[in-house]
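Here is the file upload.txt (compact mmCIF, C-alpha atoms).
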# COMPACT_ATOMS: atom_id res chain seq x y z
CA MET A 1 -129.84 -32.60 170.09
CA LYS A 2 -130.97 -31.40 166.66
CA LEU A 3 -129.17 -28.94 164.45
CA ILE A 4 -131.31 -26.89 162.04
CA LYS A 5 -129.62 -25.70 158.85
CA VAL A 6 -130.81 -24.02 155.68
CA ALA A 7 -130.78 -26.61 152.92
CA VAL A 8 -128.58 -24.54 150.60
CA GLY A 9 -127.53 -27.57 148.57
CA ASP A 10 -131.14 -28.37 147.74
CA ILE A 11 -131.73 -24.82 146.52
CA ILE A 12 -128.55 -24.74 144.40
CA ALA A 13 -129.57 -28.08 142.84
CA LEU A 14 -132.95 -26.77 141.63
CA ALA A 15 -133.46 -26.30 137.91
CA ALA A 16 -133.01 -22.69 136.78
CA PRO A 17 -136.74 -21.72 136.55
CA GLU A 18 -137.54 -23.25 139.96
CA LYS A 19 -134.47 -21.63 141.52
CA ILE A 20 -135.40 -18.20 140.15
CA GLN A 21 -138.99 -18.56 141.35
CA PHE A 22 -137.96 -19.83 144.79
CA MET A 23 -135.45 -17.05 145.51
CA GLY A 24 -137.82 -14.45 144.07
CA ASN A 25 -140.51 -15.63 146.50
CA THR A 26 -138.23 -15.39 149.54
CA ILE A 27 -137.51 -11.67 149.03
CA PRO A 28 -141.03 -10.39 149.85
CA LYS A 29 -141.26 -12.85 152.74
CA MET A 30 -138.14 -11.36 154.32
CA THR A 31 -138.75 -7.72 153.42
CA ASN A 32 -139.94 -5.40 156.20
CA LYS A 33 -139.70 -8.12 158.86
CA PRO A 34 -137.84 -6.78 161.92
CA VAL A 35 -136.02 -10.05 162.54
CA TYR A 36 -134.20 -9.71 159.20
CA ALA A 37 -133.51 -5.97 159.49
CA ASN A 38 -129.74 -6.38 159.62
CA PRO A 39 -127.99 -3.50 157.83
CA LEU A 40 -124.70 -5.45 157.81
CA VAL A 41 -126.18 -8.28 155.77
CA PRO A 42 -128.85 -6.79 153.50
CA LEU A 43 -130.73 -8.76 150.89
CA THR A 44 -127.94 -8.34 148.37
CA GLY A 45 -125.49 -10.42 146.44
CA THR A 46 -121.76 -10.62 146.91
CA ASN A 47 -121.03 -7.50 144.83
CA GLY A 48 -123.63 -5.24 146.44
CA ASP A 49 -126.25 -5.92 143.77
CA SER A 50 -129.72 -6.66 145.08
CA MET A 51 -130.96 -10.24 144.82
CA THR A 52 -133.67 -8.94 142.49
CA GLU A 53 -131.01 -7.53 140.14
CA ILE A 54 -129.00 -10.75 140.24
CA ILE A 55 -132.12 -12.77 139.41
CA SER A 56 -132.87 -10.38 136.54
CA VAL A 57 -129.37 -10.75 135.07
CA PHE A 58 -129.53 -14.54 135.39
CA THR A 59 -133.00 -14.66 133.81
CA GLU A 60 -131.78 -12.63 130.83
CA ALA A 61 -128.71 -14.83 130.47
CA GLU A 62 -130.86 -17.98 130.55
CA ALA A 63 -133.14 -16.54 127.89
CA SER A 64 -130.17 -15.77 125.63
CA LYS A 65 -129.00 -19.43 125.65
CA ASN A 66 -125.48 -18.00 125.53
CA GLN A 67 -123.16 -20.00 127.79
CA VAL A 68 -120.67 -17.14 127.89
CA LEU A 69 -123.34 -15.09 129.68
CA ILE A 70 -125.00 -17.93 131.59
CA LYS A 71 -121.94 -19.27 133.42
CA PRO A 72 -120.91 -16.06 135.24
CA ALA A 73 -124.55 -15.12 135.90
CA LEU A 74 -125.20 -18.57 137.40
CA ALA A 75 -122.04 -18.39 139.52
CA ALA A 76 -123.09 -14.97 140.89
CA PHE A 77 -126.62 -16.20 141.56
CA ASN A 78 -125.43 -19.33 143.40
CA LYS A 79 -122.97 -17.27 145.43
CA ALA A 80 -125.75 -14.90 146.45
CA ILE A 81 -127.96 -17.85 147.42
CA ARG A 82 -125.21 -19.23 149.67
CA ARG A 83 -124.83 -15.80 151.28
CA GLN A 84 -128.55 -15.51 151.90
CA CYS A 85 -128.68 -19.01 153.40
CA LEU A 86 -125.75 -18.22 155.68
CA PHE A 87 -127.51 -15.03 156.80
CA ILE A 88 -130.68 -16.97 157.64
CA ASP A 89 -128.69 -19.57 159.58
CA VAL A 90 -127.00 -16.85 161.64
CA VAL A 91 -130.26 -15.03 162.35
CA ALA A 92 -132.17 -18.25 163.12
CA ASP A 93 -129.48 -19.59 165.46
CA GLY A 94 -131.03 -23.05 165.35
CA SER A 95 -134.69 -21.99 165.09
CA GLU A 96 -136.53 -23.92 162.40
CA THR A 97 -139.46 -21.49 162.78
CA ILE A 98 -137.34 -18.50 161.73
CA ILE A 99 -135.82 -20.41 158.80
CA THR A 100 -139.18 -21.48 157.42
CA ASP A 101 -140.72 -18.06 158.14
CA ALA A 102 -138.12 -16.58 155.78
CA GLY A 103 -139.30 -18.92 153.05
CA PHE A 104 -136.34 -21.29 153.20
CA PRO A 105 -136.55 -25.06 153.75
CA ALA A 106 -134.87 -26.56 156.80
CA THR A 107 -133.28 -29.91 157.41
CA SER A 108 -132.68 -31.66 160.72
CA ALA A 109 -129.71 -33.86 161.46
CA ALA A 110 -128.56 -35.44 164.68
CA THR A 111 -125.22 -34.07 165.83
CA VAL A 112 -122.41 -36.58 165.49
CA VAL A 113 -120.22 -37.11 168.52
CA ALA A 114 -116.54 -37.50 167.66
CA ALA A 115 -114.95 -40.75 168.73
CA ALA A 116 -111.34 -41.64 169.44
CA LEU A 117 -109.68 -42.82 166.25
CA PRO A 118 -108.33 -46.34 165.83
CA LYS A 119 -104.95 -47.16 164.30
CA PRO A 120 -105.00 -46.44 160.56
CA ALA A 121 -103.95 -48.99 158.01
CA ALA A 122 -100.37 -48.70 156.82
CA PRO A 123 -100.00 -46.42 153.79
CA ILE A 124 -99.42 -47.97 150.38
CA LEU A 125 -96.31 -46.66 148.61
CA THR A 126 -95.57 -46.95 144.89
CA HIS A 127 -92.94 -45.57 142.52
CA GLY A 128 -93.60 -42.54 140.36
CA ALA A 129 -91.11 -40.83 138.06
CA VAL A 130 -87.47 -40.37 139.07
CA GLY A 131 -87.36 -38.80 142.53
CA CYS A 132 -91.08 -39.35 143.05
CA ILE A 133 -93.18 -41.69 145.21
CA LYS A 134 -96.93 -41.98 145.52
CA LYS A 135 -98.88 -42.64 148.72
CA SER A 136 -102.42 -43.97 149.09
CA GLY A 137 -104.39 -45.68 151.81
CA ALA A 138 -107.81 -46.59 153.13
CA PRO A 139 -109.75 -43.69 154.71
CA LEU A 140 -109.97 -43.87 158.49
CA LYS A 141 -113.55 -43.67 159.76
CA GLY A 142 -114.07 -40.52 161.81
CA ALA A 143 -110.84 -38.84 160.67
CA LYS A 144 -111.08 -35.27 159.37
CA ASN A 145 -107.43 -34.89 158.45
CA TYR A 146 -104.30 -36.98 157.96
CA VAL A 147 -100.68 -36.24 158.80
CA SER A 148 -97.92 -38.26 157.20
CA ILE A 149 -94.25 -38.08 158.18
CA LEU A 150 -91.70 -39.02 155.53
CA THR A 151 -88.04 -39.37 156.39
CA ASN A 152 -84.90 -41.15 155.21
CA ASN A 153 -84.09 -42.05 158.84
CA GLY A 154 -86.02 -45.14 159.94
CA SER A 155 -85.07 -44.60 163.59
CA LEU A 156 -85.77 -40.87 163.66
CA PRO A 157 -86.90 -39.80 167.18
CA ILE A 158 -90.52 -38.64 166.98
CA ASP A 159 -92.30 -37.53 170.15
CA ILE A 160 -96.08 -37.11 169.88
CA SER A 161 -98.11 -35.44 172.63
CA GLY A 162 -101.75 -34.58 171.91
CA ASP A 163 -101.79 -32.76 168.59
CA CYS A 164 -98.10 -31.81 168.80
CA ILE A 165 -95.48 -33.74 166.85
CA ALA A 166 -91.86 -33.09 167.87
CA ILE A 167 -89.07 -34.42 165.64
CA THR A 168 -85.38 -34.40 166.47
CA PRO A 169 -83.41 -34.82 163.23
CA ALA A 170 -79.76 -35.65 162.86
CA THR A 171 -77.44 -34.05 160.32
CA GLY A 172 -78.42 -35.12 156.82
CA ASP A 173 -81.95 -36.24 157.72
CA LYS A 174 -84.65 -35.35 155.20
CA ILE A 175 -88.11 -34.85 156.71
CA ILE A 176 -91.46 -34.10 155.09
CA ILE A 177 -94.55 -33.46 157.23
CA ASP A 178 -97.66 -33.63 155.08
CA SER A 179 -101.12 -32.60 156.32
CA ARG A 180 -104.19 -33.04 154.10
CA SER A 181 -107.78 -34.28 154.13
CA SER A 182 -107.03 -37.05 151.64
CA THR A 183 -105.08 -40.27 152.12
CA LYS A 184 -103.54 -39.83 148.66
CA ALA A 185 -100.43 -37.80 147.89
CA VAL A 186 -97.53 -37.53 145.43
CA TYR A 187 -94.08 -36.51 146.67
CA SER A 188 -91.55 -35.24 144.12
CA GLY A 189 -87.99 -33.96 144.33
CA LEU A 190 -86.84 -36.76 146.64
CA PRO A 191 -83.26 -38.09 146.52
CA SER A 192 -83.16 -40.96 144.04
CA GLY A 193 -81.95 -44.27 145.45
CA VAL A 194 -82.64 -43.29 149.06
CA ARG A 195 -84.95 -45.38 151.24
CA MET A 196 -87.83 -43.31 152.63
CA TYR A 197 -89.97 -44.29 155.62
CA VAL A 198 -93.59 -43.19 155.92
CA THR A 199 -95.89 -43.13 158.96
CA THR A 200 -99.47 -41.83 158.92
CA PHE A 201 -101.80 -40.51 161.64
CA GLY A 202 -105.49 -39.64 161.50
CA PHE A 203 -106.85 -36.56 163.29
CA ASN A 204 -110.25 -35.34 164.44
CA LYS A 205 -111.33 -32.83 167.09
CA LEU A 206 -110.39 -35.28 169.86
CA GLY A 207 -106.81 -35.48 168.63
CA LYS A 208 -104.65 -38.00 166.83
CA SER A 209 -104.95 -41.69 166.15
CA PRO A 210 -102.19 -44.14 167.00
CA ALA A 211 -99.41 -44.25 164.41
CA SER A 212 -99.82 -46.54 161.43
CA ASP A 213 -97.21 -49.17 160.80
CA LYS A 214 -94.09 -47.63 159.27
CA ILE A 215 -93.64 -48.49 155.59
CA ASP A 216 -90.53 -47.92 153.50
CA ILE A 217 -89.70 -47.66 149.81
CA ILE A 218 -86.61 -46.86 147.76
CA VAL A 219 -87.08 -43.66 145.74
CA PRO A 220 -86.70 -44.39 141.99

Please render this file's structure as structure tokens.
Amino acid sequence: MKLIKVAVGDIIALAAPEKIQFMGNTIPKMTNKPVYANPLVPLTGTNGDSMTEIISVFTEAEASKNQVLIKPALAAFNKAIRRQCLFIDVVADGSETIITDAGFPATSAATVVAAALPKPAAPILTHGAVGCIKKSGAPLKGAKNYVSILTNNGSLPIDISGDCIAITPATGDKIIIDSRSSTKAVYSGLPSGVRMYVTTFGFNKLGKSPASDKIDIIVP
């Protein structure tokens, strides 16, 4: 199965003159075509200005060579380009013909089937400032997100079913559940001199990976 998408990144990456010319050329191609006659998403920028007006402002800013004017004008122009590309993607609904008919390039990419995740490598823990530890680790292939559980109780009961993690703490237990797309993190405000245990899981749309080995460190 092929997925057709507007190559927005390629357009954003164009040099200023080429980008102005390209977006200027797409407007007449889309104007007065019934397939693009969507009053909810007109050919406008994010603030209601027409794409033509946004191009005009950006062109004037470029000509001035004044970075104070260029930066916001470029940001508005790029934002409008992303909005236009999203509009084309929605209208096309996978049709490369509609995308190219609107004057936009299209790219094809095979859809990637998610696979069950293997056990991640144990996290690497190092000391930071007082009350602070740092965590890093090798990325897990296929993982979209990582969840790490930090606790001062090495035998803390943790029950994991699907995407649900149930923890039953005892009095005095300190628990941190950290979810992020990176394997790196810094944890501050921890009790100095206390041993903390860290376990990491990878997640994708199929669910969680097995738990990594549990690693411990004494908080400085």

CA of Leu117 (chain A) to CA of Leu140 (chain A), distance in Å rounded to a single decimal: 7.8 Å

Distance CA of Val91 (chain A)-CA of Asn204 (chain A), one decimal place?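 Calculated distance between CA of Val91 (chain A) and CA of Asn204 (chain A) is 28.6 Å.
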
Would you mind telling me which residue in A:Ile70, A:Phe77, A:Cys132, A:Ser192 lies nearest to Ile11 (chain A) when using all atoms listed in the file?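 Under the stated criterion, the closest residue is A:Phe77.
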
Quick one: of A:Ala16, A:Lys144, A:Asn152, A:Thr52, who's nearest to Pro28 (chain A), counting all atoms listed in the file? A:Thr52

I'd like the contact shell of Val130 (chain A) - 9 Å cut-off, only C-alpha atoms, skipping same-chain residues fewer than 3 positions apart - returned as a list in words.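 Using only C-alpha atoms, the neighbours found are His127, Ile133, Ser188, Gly189, Leu190, Pro191, Ser192, Val219 and Pro220 of chain A.
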
Would you save the residues from that selection as a PDB file, in the frame of the given file, using C-alpha atoms?
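Output (again_10.pdb):
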ATOM      1  CA  HIS A 127     -92.940 -45.570 142.520  1.00  0.00           C
ATOM      2  CA  ILE A 133     -93.180 -41.690 145.210  1.00  0.00           C
ATOM      3  CA  SER A 188     -91.550 -35.240 144.120  1.00  0.00           C
ATOM      4  CA  GLY A 189     -87.990 -33.960 144.330  1.00  0.00           C
ATOM      5  CA  LEU A 190     -86.840 -36.760 146.640  1.00  0.00           C
ATOM      6  CA  PRO A 191     -83.260 -38.090 146.520  1.00  0.00           C
ATOM      7  CA  SER A 192     -83.160 -40.960 144.040  1.00  0.00           C
ATOM      8  CA  VAL A 219     -87.080 -43.660 145.740  1.00  0.00           C
ATOM      9  CA  PRO A 220     -86.700 -44.390 141.990  1.00  0.00           C
TER      10      PRO A 220
END

If you measure from CA of Phe22 (chain A) to CA of Met51 (chain A), what distance in Å do you get, rounded to one decimal?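 Between these atoms lies a distance of 11.9 Å.
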
Which one is closest to Met196 (chain A): A:Lys174, A:Arg180, A:Lys208, A:Lys33? Count only C-alpha atoms.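 Of all the options, A:Lys174 lies closest to Met196 (chain A).
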
Residue nearest Tyr187 (chain A) among A:Ala92, A:Leu69, A:Lys135, A:Ile54 (counting only C-alpha atoms):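 Comparing A:Ala92, A:Leu69, A:Lys135, A:Ile54 against Tyr187 (chain A), the winner is A:Lys135.
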
Which residue of A:Ile160, A:Gly207, A:Ile215, A:Val6 approaches Gly94 (chain A) most closely, using all atoms listed in the file: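 Of A:Ile160, A:Gly207, A:Ile215, A:Val6, the one nearest Gly94 (chain A), counting all atoms listed in the file, is A:Val6.
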
Could you check the closest approach to Pro120 (chain A) for each of A:Ala73, A:Ala170, A:Ile98, A:Ala211 and tell me which residue wins, using all atoms listed in the file?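 Once distances to Pro120 (chain A) are computed over all atoms listed in the file, the minimum belongs to A:Ala211.
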
Can you sort out the box for region 154-162 of chain A, edges along x, y and z, all listed atoms in, 5 Å on every side, with centre and edge lengths in Å to one decimal, as AutoDock Vina command-line options?
--center_x -93.4 --center_y -39.9 --center_z 166.3 --size_x 26.7 --size_y 20.6 --size_z 22.7

Given the point (-111.5, -42.3, 169.0) in the file's coordinates, find the residues that have an atom at most 10 Å from it, counting all atoms listed in the file, and give them as a PyMOL selection string. chain A and resi 114-119+141-143+202-210

Residues within 12 Å of Ile55 (chain A), only C-alpha atoms, excluding chain neighbours under 5 positions, as a PyMOL selection string: chain A and resi 16-25+27+44-45+49-50+60-62+70+73-81
